[in-house]
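A.B. asks: For reference, this is run-v5.cif, and it has mmCIF, C-alpha atoms and all ligand atoms.
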```
data_entry
loop_
_atom_site.label_atom_id
_atom_site.label_comp_id
_atom_site.auth_asym_id
_atom_site.auth_seq_id
_atom_site.Cartn_x
_atom_site.Cartn_y
_atom_site.Cartn_z
CA MET A 1 85.88 105.67 47.94
CA ASP A 2 86.49 108.44 50.51
CA ARG A 3 89.40 110.70 49.88
CA ILE A 4 92.42 110.27 52.13
CA ARG A 5 93.10 113.54 53.94
CA VAL A 6 96.81 114.29 53.98
CA LEU A 7 98.52 117.11 55.88
CA LEU A 8 101.99 118.12 54.73
CA ILE A 9 104.04 120.11 57.26
CA ASP A 10 107.03 121.43 55.34
CA ASP A 11 108.48 124.92 54.85
CA ASP A 12 109.65 124.29 51.29
CA PRO A 13 107.07 125.19 48.55
CA ASP A 14 108.90 122.91 46.10
CA ASP A 15 108.23 119.93 48.33
CA PHE A 16 104.57 120.86 48.42
CA LEU A 17 104.46 120.90 44.62
CA ILE A 18 106.27 117.56 44.33
CA VAL A 19 104.03 115.82 46.88
CA SER A 20 100.94 117.42 45.38
CA ASP A 21 101.85 116.13 41.89
CA MET A 22 102.63 112.67 43.19
CA LEU A 23 99.35 112.36 45.04
CA ALA A 24 97.46 113.57 41.98
CA GLU A 25 99.18 110.85 39.95
CA ALA A 26 98.08 108.01 42.23
CA GLU A 27 95.73 105.72 40.36
CA ASN A 28 94.14 103.65 43.07
CA ALA A 29 93.42 106.23 45.74
CA ARG A 30 92.20 109.79 45.89
CA PHE A 31 93.86 112.29 48.16
CA LYS A 32 93.07 115.69 49.58
CA LEU A 33 96.28 117.47 50.42
CA ASP A 34 96.55 120.35 52.93
CA TRP A 35 99.78 122.18 53.54
CA VAL A 36 101.20 124.22 56.42
CA ARG A 37 104.73 125.57 56.62
CA THR A 38 105.65 125.82 60.29
CA TYR A 39 105.94 123.67 63.38
CA GLU A 40 103.36 125.82 65.23
CA ALA A 41 100.83 125.79 62.37
CA GLY A 42 101.40 122.02 62.11
CA LEU A 43 100.58 121.49 65.78
CA GLU A 44 97.48 123.61 65.44
CA GLU A 45 96.25 121.55 62.48
CA ILE A 46 97.11 118.25 64.16
CA ALA A 47 95.10 119.26 67.25
CA LYS A 48 92.01 119.55 65.02
CA LYS A 49 92.39 115.83 64.17
CA GLY A 50 91.04 116.38 60.67
CA HIS A 51 93.58 114.29 58.72
CA ASP A 52 94.20 110.61 58.06
CA VAL A 53 97.96 110.92 57.71
CA TYR A 54 100.72 113.50 58.27
CA LEU A 55 103.79 114.02 56.15
CA LEU A 56 106.38 115.76 58.31
CA ASP A 57 109.51 117.49 57.20
CA TYR A 58 112.48 116.45 59.35
CA PHE A 59 113.95 119.97 59.67
CA MET A 60 111.58 122.76 60.69
CA GLY A 61 113.56 125.82 61.73
CA SER A 62 114.44 125.53 65.41
CA HIS A 63 112.27 122.40 65.76
CA ASN A 64 112.24 119.08 64.00
CA GLY A 65 109.72 116.50 62.86
CA LEU A 66 110.54 114.16 65.75
CA GLU A 67 109.63 116.83 68.30
CA LEU A 68 106.39 117.40 66.47
CA LEU A 69 105.68 113.67 66.58
CA HIS A 70 106.26 113.56 70.36
CA THR A 71 104.07 116.58 71.04
CA ALA A 72 101.31 115.33 68.74
CA ALA A 73 101.32 111.91 70.45
CA GLN A 74 101.11 113.59 73.86
CA LYS A 75 98.07 115.53 72.65
CA GLY A 76 96.35 112.26 71.75
CA CYS A 77 96.87 112.40 67.99
CA LYS A 78 96.15 108.95 66.58
CA ALA A 79 96.77 109.40 62.84
CA PRO A 80 100.01 107.96 61.43
CA ALA A 81 102.93 110.19 60.49
CA ILE A 82 105.52 109.69 57.76
CA LEU A 83 108.78 111.59 58.11
CA LEU A 84 110.28 113.20 55.03
CA THR A 85 113.97 113.91 55.23
CA ALA A 86 116.58 115.30 52.92
CA TYR A 87 119.37 113.17 54.41
CA GLY A 88 118.40 109.61 55.12
CA ASN A 89 120.52 107.35 57.23
CA TYR A 90 120.04 104.44 59.58
CA SER A 91 120.16 106.54 62.74
CA VAL A 92 117.47 108.94 61.48
CA ASP A 93 115.41 105.90 60.54
CA LEU A 94 115.76 104.45 64.06
CA LYS A 95 114.99 107.77 65.73
CA ALA A 96 111.88 108.19 63.57
CA MET A 97 110.71 104.71 64.44
CA GLU A 98 111.30 105.23 68.16
CA ALA A 99 109.41 108.51 68.03
CA GLY A 100 106.42 106.63 66.62
CA ALA A 101 106.69 107.47 62.90
CA SER A 102 105.03 104.91 60.68
CA ASP A 103 107.62 105.28 57.94
CA TYR A 104 110.34 107.59 56.69
CA LEU A 105 111.08 108.58 53.12
CA VAL A 106 114.13 110.32 51.71
CA LYS A 107 113.28 113.35 49.60
CA GLY A 108 114.19 112.91 45.96
CA GLN A 109 114.33 109.14 46.36
CA PHE A 110 110.70 108.22 46.34
CA SER A 111 108.14 108.08 43.59
CA ALA A 112 104.36 108.49 43.44
CA PRO A 113 103.66 104.73 43.85
CA ILE A 114 106.07 104.52 46.81
CA LEU A 115 104.44 107.50 48.51
CA GLU A 116 100.97 106.09 47.87
CA ARG A 117 101.98 102.69 49.24
CA SER A 118 103.67 104.17 52.29
CA ILE A 119 100.52 106.16 53.12
CA ARG A 120 98.31 103.10 52.67
CA TYR A 121 100.51 100.86 54.83
CA SER A 122 100.86 103.54 57.50
CA ILE A 123 97.12 104.04 57.82
CA THR A 124 96.44 100.30 58.00
CA SER A 125 99.17 99.50 60.48
CA LYS A 126 98.19 102.44 62.68
CA ARG A 127 94.60 101.25 62.64
CA ILE A 128 95.66 97.74 63.67
CA GLU A 129 97.89 99.20 66.40
CA GLU A 130 94.97 101.25 67.77
CA GLU A 131 92.64 98.25 67.64
CA LEU A 132 95.21 96.16 69.52
CA LYS A 133 95.55 98.90 72.13
CA GLU A 134 91.78 98.99 72.56
CA SER A 135 91.56 95.18 72.85
CA LYS A 136 94.29 95.27 75.48
CA GLU A 137 92.41 97.91 77.45
CA GLU A 138 89.20 95.87 77.15
CA LEU A 139 90.99 92.74 78.32
CA LYS A 140 92.38 94.62 81.31
CA LEU A 141 88.95 95.90 82.20
CA LEU A 142 87.45 92.43 81.83
CA ALA A 143 90.17 90.92 83.99
CA SER A 144 89.55 93.47 86.71
CA GLN A 145 85.80 92.87 86.54
CA LEU A 146 86.41 89.13 86.67
CA LEU A 147 88.59 89.39 89.76
CA ARG A 148 86.13 91.70 91.47
CA ALA A 149 83.21 89.40 90.59
CA GLN A 150 85.17 86.42 91.87
CA GLU A 151 85.83 88.20 95.17
CA ASP A 152 82.17 89.25 95.54
CA GLU A 153 81.01 85.74 94.75
CA ARG A 154 83.39 84.22 97.28
CA LYS A 155 82.12 86.62 99.90
CA ARG A 156 78.52 85.70 99.06
CA ILE A 157 79.16 81.94 99.15
CA ALA A 158 81.07 82.26 102.43
CA ARG A 159 78.17 84.16 103.97
CA GLU A 160 75.61 81.65 102.68
CA LEU A 161 77.64 78.69 103.94
CA HIS A 162 78.12 80.33 107.30
CA ASP A 163 74.48 81.25 107.74
CA SER A 164 72.95 78.01 106.42
CA ILE A 165 75.19 74.94 106.74
CA GLY A 166 77.35 76.41 109.51
CA SER A 167 74.46 77.13 111.82
CA SER A 168 72.59 73.86 111.02
CA LEU A 169 75.72 71.85 111.84
CA SER A 170 76.08 73.61 115.16
CA ALA A 171 72.40 72.98 115.94
CA VAL A 172 72.72 69.25 115.15
CA LYS A 173 75.81 68.97 117.32
CA PHE A 174 74.02 70.65 120.21
CA PHE A 175 71.03 68.33 119.72
CA ILE A 176 73.22 65.19 119.74
CA GLU A 177 75.01 66.24 122.92
CA ASN A 178 71.72 67.04 124.59
CA LEU A 179 70.30 63.66 123.63
CA GLY A 180 73.43 61.92 124.99
CA ALA A 181 73.01 63.59 128.34
CA ARG A 182 69.45 62.29 128.61
CA LEU A 183 70.16 58.69 127.49
CA THR A 184 72.31 57.79 130.47
CA GLU A 185 71.32 54.15 130.90
CA ASN A 186 72.46 52.77 127.50
CA PRO A 187 76.32 52.90 127.15
CA GLY A 188 76.25 51.63 123.52
CA VAL A 189 74.06 54.53 122.45
CA GLN A 190 76.26 56.91 124.47
CA ASP A 191 79.39 55.80 122.54
CA ALA A 192 77.63 56.10 119.21
CA LEU A 193 76.43 59.61 120.08
CA ARG A 194 79.91 60.65 121.18
CA ALA A 195 81.33 59.43 117.86
CA LEU A 196 78.58 61.27 116.05
CA SER A 197 79.36 64.41 118.02
CA ARG A 198 83.04 64.16 117.06
CA ALA A 199 82.10 63.73 113.41
CA MET A 200 79.90 66.79 113.68
CA GLU A 201 82.71 68.76 115.24
CA HIS A 202 84.95 67.77 112.35
CA ALA A 203 82.30 68.85 109.83
CA ILE A 204 81.96 72.20 111.63
CA ASP A 205 85.75 72.73 111.58
CA GLU A 206 85.87 71.85 107.89
CA SER A 207 83.05 74.19 106.97
CA ARG A 208 84.75 76.99 108.98
CA ARG A 209 87.98 76.32 107.09
CA ILE A 210 86.22 76.47 103.73
CA ILE A 211 84.45 79.68 104.72
CA SER A 212 87.73 81.27 105.82
CA ASP A 213 89.43 80.21 102.63
CA LEU A 214 86.69 81.80 100.60
CA ARG A 215 86.85 85.05 102.50
CA PRO A 216 88.56 85.37 105.85
CA SER A 217 86.07 87.37 107.89
CA MET A 218 89.04 88.19 110.08
CA LEU A 219 90.25 90.47 107.31
CA ASP A 220 87.23 92.72 107.78
CA ASP A 221 87.05 92.34 111.56
CA LEU A 222 90.66 92.34 112.74
CA GLY A 223 92.62 93.56 109.73
CA ILE A 224 95.23 92.27 107.33
CA LEU A 225 98.13 91.93 109.79
CA SER A 226 96.18 89.63 112.14
CA THR A 227 94.89 87.71 109.13
CA ILE A 228 98.43 87.18 107.84
CA LYS A 229 99.51 85.86 111.26
CA TRP A 230 96.52 83.55 111.41
CA PHE A 231 97.11 82.35 107.85
CA CYS A 232 100.79 81.60 108.57
CA ARG A 233 99.85 79.59 111.69
CA GLU A 234 97.29 77.58 109.73
CA PHE A 235 99.78 77.10 106.90
CA GLU A 236 102.49 75.79 109.24
CA SER A 237 100.07 73.41 110.88
CA ILE A 238 99.11 71.95 107.47
CA TYR A 239 102.63 71.95 105.98
CA SER A 240 104.54 71.00 109.10
CA ASP A 241 107.89 70.62 107.28
CA ILE A 242 107.89 74.28 106.17
CA VAL A 243 108.95 77.07 108.54
CA VAL A 244 107.42 80.47 107.82
CA GLN A 245 109.37 83.55 108.85
CA LYS A 246 107.55 86.84 108.93
CA ASP A 247 109.12 90.25 108.63
CA ILE A 248 106.34 92.83 108.87
CA ARG A 249 107.40 96.46 108.85
CA ILE A 250 104.17 98.28 108.31
CA GLU A 251 101.23 99.34 110.46
CA GLU A 252 97.66 98.25 109.78
CA LEU A 253 96.55 101.85 109.16
CA GLN A 254 99.25 102.38 106.54
CA ILE A 255 97.69 99.77 104.25
CA PRO A 256 94.76 101.08 102.17
CA GLN A 257 91.55 99.15 102.75
CA LYS A 258 91.16 98.11 99.09
CA LEU A 259 94.65 96.66 99.01
CA LYS A 260 94.12 94.30 101.93
CA ILE A 261 92.25 91.53 100.12
CA ILE A 262 94.70 91.83 97.21
CA ILE A 263 97.71 91.41 99.50
CA PHE A 264 96.03 88.50 101.22
CA ARG A 265 95.21 86.70 97.94
CA ILE A 266 98.77 87.13 96.65
CA ILE A 267 100.22 85.75 99.90
CA GLN A 268 97.76 82.87 99.81
CA GLU A 269 98.64 81.92 96.22
CA ALA A 270 102.41 82.46 96.57
CA MET A 271 102.59 80.37 99.74
CA ASN A 272 100.36 77.63 98.36
CA ASN A 273 102.56 77.55 95.25
CA ALA A 274 105.68 77.26 97.43
CA ALA A 275 104.07 74.37 99.33
CA LYS A 276 102.87 72.61 96.18
CA HIS A 277 105.77 73.11 93.79
CA SER A 278 108.97 74.26 95.47
CA LYS A 279 109.97 71.54 97.98
CA ALA A 280 111.05 74.44 100.21
CA GLY A 281 111.90 74.09 103.89
CA GLN A 282 111.51 77.77 104.60
CA ILE A 283 109.39 80.67 103.41
CA LEU A 284 110.19 84.27 104.18
CA LEU A 285 107.17 86.54 104.05
CA SER A 286 107.94 90.22 104.26
CA ILE A 287 105.82 93.29 103.91
CA SER A 288 107.15 96.77 104.38
CA LEU A 289 106.59 100.45 103.75
CA GLN A 290 109.66 102.06 102.23
CA ASN A 291 110.17 105.15 100.08
CA ASP A 292 106.43 105.67 99.72
CA SER A 293 105.87 102.13 98.43
CA ILE A 294 104.36 99.07 99.99
CA THR A 295 106.41 96.01 99.10
CA LEU A 296 105.26 92.46 99.58
CA CYS A 297 107.71 89.62 99.12
CA VAL A 298 107.18 85.88 99.46
CA LYS A 299 110.46 84.03 99.08
CA ASP A 300 111.04 80.31 99.34
CA ASP A 301 114.27 78.31 99.43
CA GLY A 302 113.03 75.59 97.09
CA ILE A 303 113.89 74.41 93.59
CA GLY A 304 112.83 77.63 91.84
CA PHE A 305 111.03 77.79 88.53
CA GLN A 306 112.22 75.19 86.11
CA ARG A 307 113.57 76.29 82.76
CA GLY A 308 110.74 76.92 80.33
CA ALA A 309 108.23 77.12 83.20
CA PRO A 310 105.97 78.44 84.41
CA ALA A 311 103.15 76.57 82.75
CA SER A 312 101.12 74.62 85.23
CA LYS A 313 102.08 71.01 85.78
CA GLY A 314 100.33 68.44 87.86
CA GLY A 315 96.68 69.26 87.97
CA GLY A 316 96.64 73.00 88.73
CA THR A 317 94.86 75.50 86.51
CA GLY A 318 98.01 77.58 86.04
CA PHE A 319 95.87 80.61 86.75
CA GLY A 320 97.72 81.37 89.98
CA LEU A 321 100.63 83.36 88.57
CA THR A 322 98.42 85.26 86.14
CA SER A 323 95.92 86.17 88.80
CA MET A 324 98.64 87.38 91.19
CA ARG A 325 100.01 89.63 88.45
CA GLU A 326 96.56 90.87 87.45
CA ARG A 327 95.60 91.64 91.03
CA ALA A 328 98.82 93.57 91.63
CA GLU A 329 98.76 95.51 88.35
CA LEU A 330 95.07 96.31 88.36
CA SER A 331 95.45 97.88 91.78
CA GLY A 332 98.22 100.16 90.50
CA GLY A 333 101.15 97.97 91.55
CA LYS A 334 104.02 96.12 89.90
CA PHE A 335 104.58 92.39 89.99
CA GLU A 336 107.76 90.41 89.51
CA ILE A 337 109.01 86.87 90.01
CA GLU A 338 112.67 86.13 90.60
CA SER A 339 113.83 82.58 90.51
CA SER A 340 116.99 80.53 90.43
CA PRO A 341 117.63 76.82 90.98
CA GLU A 342 119.83 77.54 94.02
CA GLY A 343 117.89 80.50 95.38
CA GLY A 344 114.30 79.31 95.15
CA ALA A 345 111.52 81.58 93.98
CA CYS A 346 110.58 85.04 95.10
CA VAL A 347 107.28 86.73 94.35
CA ILE A 348 107.42 90.51 94.72
CA ALA A 349 104.52 92.94 94.50
CA CYS A 350 105.01 96.63 95.01
CA TRP A 351 102.51 99.49 95.18
CA PRO A 352 103.51 103.14 95.07
CA ILE A 353 101.25 104.91 97.53
CA VAL A 354 100.15 107.71 95.18
CA THR A 355 98.83 105.61 92.29
CA MET A 356 97.51 102.80 94.37
CA CYS A 357 94.13 101.12 94.07
CA ARG A 358 92.71 102.81 90.98
CA PRO A 359 89.82 100.44 90.19
N1 LIG B 401 107.36 78.75 94.35
C1 LIG B 401 107.51 78.01 93.25
N2 LIG B 401 108.59 77.21 93.08
C2 LIG B 401 108.75 76.46 91.97
N3 LIG B 401 107.87 76.44 90.95
C3 LIG B 401 106.77 77.20 91.04
C4 LIG B 401 106.52 78.02 92.18
N4 LIG B 401 105.35 78.70 91.98
C5 LIG B 401 104.89 78.29 90.80
N5 LIG B 401 105.73 77.39 90.22
C6 LIG B 401 105.60 76.78 88.87
O1 LIG B 401 104.77 77.62 88.09
C7 LIG B 401 103.64 76.89 87.62
C8 LIG B 401 102.45 77.83 87.49
O2 LIG B 401 102.00 78.25 88.78
P1 LIG B 401 100.47 78.66 88.95
O3 LIG B 401 100.24 79.11 90.34
O4 LIG B 401 100.15 79.62 87.86
O5 LIG B 401 99.69 77.31 88.64
P2 LIG B 401 99.47 76.04 89.56
O6 LIG B 401 99.91 76.33 90.97
O7 LIG B 401 100.10 74.86 88.91
O8 LIG B 401 97.90 75.88 89.51
P3 LIG B 401 96.81 76.64 90.45
O9 LIG B 401 97.46 77.87 90.99
O10 LIG B 401 95.70 76.94 89.53
O11 LIG B 401 96.44 75.66 91.51
C9 LIG B 401 103.48 75.76 88.61
O12 LIG B 401 102.80 74.67 88.04
C10 LIG B 401 104.91 75.44 88.93
O13 LIG B 401 105.48 74.63 87.92
MG MG B 402 99.23 78.07 91.96
#
```
Show me this structure written as structure tokens.
C.D. replies:
Amino acid sequence: MDRIRVLLIDDDPDDFLIVSDMLAEAENARFKLDWVRTYEAGLEEIAKKGHDVYLLDYFMGSHNGLELLHTAAQKGCKAPAILLTAYGNYSVDLKAMEAGASDYLVKGQFSAPILERSIRYSITSKRIEEELKESKEELKLLASQLLRAQEDERKRIARELHDSIGSSLSAVKFFIENLGARLTENPGVQDALRALSRAMEHAIDESRRIISDLRPSMLDDLGILSTIKWFCREFESIYSDIVVQKDIRIEELQIPQKLKIIIFRIIQEAMNNAAKHSKAGQILLSISLQNDSITLCVKDDGIGFQRGAPASKGGGTGFGLTSMRERAELSGGKFEIESSPEGGACVIACWPIVTMCRP
């Protein structure tokens, strides 16, 4: 078994001797102990990242072990640290924990087996913590790739539909109308062709709607503000019992290009949610630039989120809320939902201009 590399940072030679004896006594693990006496020498050693665990004295001249922990963490040190203190109490314990220590032991009150166990537990729990952190990062990356792939795929399908089905439908409609004009003598055929032409028109409208839903080309051609206006008009014509109020206090050029599709998708989902779940009569959609942040807010006056929600009920995937949050956070923003039974629900996304749109 590999030896566990321990660094003791402590100005007291007696402590070095005690720890050294204890580690030599341990039956189930072998240790290699290094020792430095000062805060500065400790930082230097930690920066080399050559140890599996640090034992830090609480008092180190003008510095203390907690400061060392903070600085080491800032420098990317990933090994666990155990604080050794002469005076243990609950508040020191809490402070050590908050500073990221894996454990704290009171000098004179621990034995070789306790020290050995504390080192073992610290190393394992730190490893699990790091693995969790990495999995979280991986999940974030995957989610961002998924959303980007979804957006690319939607764009591709919209283009395909437009170029293939869209243009064939228009050609058939033109052909039917042309035929009708030539078959003047038979009124029965004329009526049938007119009905066919209307059906074609309906199919064309439907395919345009599907294409726009997939990726509003208006977003690329006319910009986000025109697209929002168009979307609200469409929305009100479908959900005629909901009034949409818009409060837009931002210019097109103030919204970064990458953020436009994200803002549009959040509005689309938040408004569709309000229509599907909230029983609202009014939706207030606001977007503004204030204090170097872009804030988007979609507020309805409906029933709000029910207690214990928001898991999806009634046939939805329940992916809507998660994807709004992911879209906002992955583009450097914050996402929040406020809800009350009297006040309806309010979806808020906010992007500080400096950190915006990382991926
Ligand atoms: N504006 C709202 N008012 C009241 N409840 C809401 C509102 N928005 C969402 N909810 C609740 O939150 C749940 C989760 O919403 P989410 O958008 O994640 O899923 P969904 O709308 O049910 O499904 P999908 O979005 O996949 O079609 C909804 O099922 C609903 O119960
Ligand atoms: Mg939804």
A.B. asks: With all atoms listed in the file as the basis for distance, which of A:Ile283, A:Val243, A:Ala29, A:Ile204 is at the shortest distance from A:Arg117?
C.D. replies: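 Once distances to A:Arg117 are computed over all atoms listed in the file, the minimum belongs to A:Ala29.
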A.B. asks: Report as a JSON list (two decimals) with C-alpha atoms, in the coordinates of the input all protein, DNA and RNA residues lying within 12 Å of A:Lys49, evaluated on all atoms listed in the file, omitting residues in the same chain fewer than 2 positions from it.
C.D. replies:
```
[["chain", "number", "residue", "atom", "x", "y", "z"],
["A", 5, "ARG", "CA", 93.10, 113.54, 53.94],
["A", 6, "VAL", "CA", 96.81, 114.29, 53.98],
["A", 7, "LEU", "CA", 98.52, 117.11, 55.88],
["A", 42, "GLY", "CA", 101.40, 122.02, 62.11],
["A", 43, "LEU", "CA", 100.58, 121.49, 65.78],
["A", 44, "GLU", "CA", 97.48, 123.61, 65.44],
["A", 45, "GLU", "CA", 96.25, 121.55, 62.48],
["A", 46, "ILE", "CA", 97.11, 118.25, 64.16],
["A", 47, "ALA", "CA", 95.10, 119.26, 67.25],
["A", 51, "HIS", "CA", 93.58, 114.29, 58.72],
["A", 52, "ASP", "CA", 94.20, 110.61, 58.06],
["A", 53, "VAL", "CA", 97.96, 110.92, 57.71],
["A", 54, "TYR", "CA", 100.72, 113.50, 58.27],
["A", 72, "ALA", "CA", 101.31, 115.33, 68.74],
["A", 73, "ALA", "CA", 101.32, 111.91, 70.45],
["A", 75, "LYS", "CA", 98.07, 115.53, 72.65],
["A", 76, "GLY", "CA", 96.35, 112.26, 71.75],
["A", 77, "CYS", "CA", 96.87, 112.40, 67.99],
["A", 78, "LYS", "CA", 96.15, 108.95, 66.58],
["A", 79, "ALA", "CA", 96.77, 109.40, 62.84],
["A", 80, "PRO", "CA", 100.01, 107.96, 61.43]]
```
A.B. asks: Show which residues sit within 12 Å of A:Ala171, as a list of chain:residue names. Count all atoms listed in the file, and ignore same-chain residues fewer than 6 positions away.
C.D. replies: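 The filter keeps A:Asp163, A:Ser164, A:Ile165, A:Glu177, A:Asn178, A:Ser197, A:Met200, A:Glu201, A:Ile204.
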A.B. asks: List as a PyMOL selection string the protein and nucleic acid residues near A:Ser288, meaning an atom at most 12 Å away when all atoms listed in the file are counted, but skip any in the same chain fewer than 2 places from it.
C.D. replies: chain A and resi 225+246-252+254-255+263+285-286+290-298+348-352
A.B. asks: Which residues come within 10 Å of stretch 139-148 of chain A, counting all atoms listed in the file, excluding same-chain residues fewer than 3 positions away, as a PyMOL selection string?
C.D. replies: chain A and resi 133-136+151-154+262+323+326-327+329-331+359
A.B. asks: Hey, can you spit out that residue selection with C-alpha atoms as an mmCIF file, in the coordinates of the input?
C.D. replies:
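Here's the written file part_36.cif:
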```cif
data_model
loop_
_atom_site.group_PDB
_atom_site.id
_atom_site.type_symbol
_atom_site.label_atom_id
_atom_site.label_comp_id
_atom_site.auth_asym_id
_atom_site.auth_seq_id
_atom_site.Cartn_x
_atom_site.Cartn_y
_atom_site.Cartn_z
ATOM 1 C CA LYS A 133 95.550 98.900 72.130
ATOM 2 C CA GLU A 134 91.780 98.990 72.560
ATOM 3 C CA SER A 135 91.560 95.180 72.850
ATOM 4 C CA LYS A 136 94.290 95.270 75.480
ATOM 5 C CA GLU A 151 85.830 88.200 95.170
ATOM 6 C CA ASP A 152 82.170 89.250 95.540
ATOM 7 C CA GLU A 153 81.010 85.740 94.750
ATOM 8 C CA ARG A 154 83.390 84.220 97.280
ATOM 9 C CA ILE A 262 94.700 91.830 97.210
ATOM 10 C CA SER A 323 95.920 86.170 88.800
ATOM 11 C CA GLU A 326 96.560 90.870 87.450
ATOM 12 C CA ARG A 327 95.600 91.640 91.030
ATOM 13 C CA GLU A 329 98.760 95.510 88.350
ATOM 14 C CA LEU A 330 95.070 96.310 88.360
ATOM 15 C CA SER A 331 95.450 97.880 91.780
ATOM 16 C CA PRO A 359 89.820 100.440 90.190
#
```
A.B. asks: When the cut-off is 6 Å and you count only C-alpha atoms and all ligand atoms, which residues lie near ligand MG 402 (chain B), shown as an MDAnalysis selection string?
C.D. replies: chainID A and resid 269 273 320
A.B. asks: Calculated over only C-alpha atoms, which of the candidates A:Trp230, A:Phe235, A:Tyr87, A:Phe16 has the smallest distance to A:Leu55?
C.D. replies: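 Once distances to A:Leu55 are computed over only C-alpha atoms, the minimum belongs to A:Phe16.
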A.B. asks: Rebuild N, CA and C atoms on stretch 176-192 of chain A, as a PDB file, keeping the file's coordinate frame?
C.D. replies:
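To be explicit, this is the file written out as selection_31.pdb:
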```
ATOM      1  N   ILE A 176      72.630  66.504 119.445  1.00  0.00           N
ATOM      2  CA  ILE A 176      73.220  65.190 119.740  1.00  0.00           C
ATOM      3  C   ILE A 176      73.738  65.164 121.179  1.00  0.00           C
ATOM      4  N   GLU A 177      74.434  66.213 121.567  1.00  0.00           N
ATOM      5  CA  GLU A 177      75.010  66.240 122.920  1.00  0.00           C
ATOM      6  C   GLU A 177      73.907  66.254 123.983  1.00  0.00           C
ATOM      7  N   ASN A 178      72.866  66.956 123.695  1.00  0.00           N
ATOM      8  CA  ASN A 178      71.720  67.040 124.590  1.00  0.00           C
ATOM      9  C   ASN A 178      71.060  65.673 124.774  1.00  0.00           C
ATOM     10  N   LEU A 179      70.919  64.988 123.637  1.00  0.00           N
ATOM     11  CA  LEU A 179      70.300  63.660 123.630  1.00  0.00           C
ATOM     12  C   LEU A 179      71.149  62.703 124.465  1.00  0.00           C
ATOM     13  N   GLY A 180      72.483  62.781 124.263  1.00  0.00           N
ATOM     14  CA  GLY A 180      73.430  61.920 124.990  1.00  0.00           C
ATOM     15  C   GLY A 180      73.281  62.086 126.493  1.00  0.00           C
ATOM     16  N   ALA A 181      73.101  63.312 126.905  1.00  0.00           N
ATOM     17  CA  ALA A 181      73.010  63.590 128.340  1.00  0.00           C
ATOM     18  C   ALA A 181      71.740  62.954 128.929  1.00  0.00           C
ATOM     19  N   ARG A 182      70.702  62.830 128.082  1.00  0.00           N
ATOM     20  CA  ARG A 182      69.450  62.290 128.610  1.00  0.00           C
ATOM     21  C   ARG A 182      69.393  60.761 128.578  1.00  0.00           C
ATOM     22  N   LEU A 183      70.178  60.157 127.610  1.00  0.00           N
ATOM     23  CA  LEU A 183      70.160  58.690 127.490  1.00  0.00           C
ATOM     24  C   LEU A 183      71.294  58.096 128.327  1.00  0.00           C
ATOM     25  N   THR A 184      71.186  58.196 129.628  1.00  0.00           N
ATOM     26  CA  THR A 184      72.310  57.790 130.470  1.00  0.00           C
ATOM     27  C   THR A 184      72.416  56.278 130.609  1.00  0.00           C
ATOM     28  N   GLU A 185      71.237  55.571 130.538  1.00  0.00           N
ATOM     29  CA  GLU A 185      71.320  54.150 130.900  1.00  0.00           C
ATOM     30  C   GLU A 185      71.917  53.256 129.819  1.00  0.00           C
ATOM     31  N   ASN A 186      71.978  53.689 128.544  1.00  0.00           N
ATOM     32  CA  ASN A 186      72.460  52.770 127.500  1.00  0.00           C
ATOM     33  C   ASN A 186      73.873  53.180 127.017  1.00  0.00           C
ATOM     34  N   PRO A 187      74.953  52.479 127.499  1.00  0.00           N
ATOM     35  CA  PRO A 187      76.320  52.900 127.150  1.00  0.00           C
ATOM     36  C   PRO A 187      76.623  52.783 125.656  1.00  0.00           C
ATOM     37  N   GLY A 188      76.002  51.791 124.972  1.00  0.00           N
ATOM     38  CA  GLY A 188      76.250  51.630 123.520  1.00  0.00           C
ATOM     39  C   GLY A 188      75.787  52.872 122.774  1.00  0.00           C
ATOM     40  N   VAL A 189      74.618  53.344 123.108  1.00  0.00           N
ATOM     41  CA  VAL A 189      74.060  54.530 122.450  1.00  0.00           C
ATOM     42  C   VAL A 189      74.928  55.753 122.792  1.00  0.00           C
ATOM     43  N   GLN A 190      75.376  55.800 124.055  1.00  0.00           N
ATOM     44  CA  GLN A 190      76.260  56.910 124.470  1.00  0.00           C
ATOM     45  C   GLN A 190      77.498  57.000 123.582  1.00  0.00           C
ATOM     46  N   ASP A 191      78.165  55.823 123.374  1.00  0.00           N
ATOM     47  CA  ASP A 191      79.390  55.800 122.540  1.00  0.00           C
ATOM     48  C   ASP A 191      79.085  56.275 121.122  1.00  0.00           C
ATOM     49  N   ALA A 192      77.986  55.745 120.589  1.00  0.00           N
ATOM     50  CA  ALA A 192      77.630  56.100 119.210  1.00  0.00           C
ATOM     51  C   ALA A 192      77.389  57.608 119.105  1.00  0.00           C
TER      52      ALA A 192
END
```
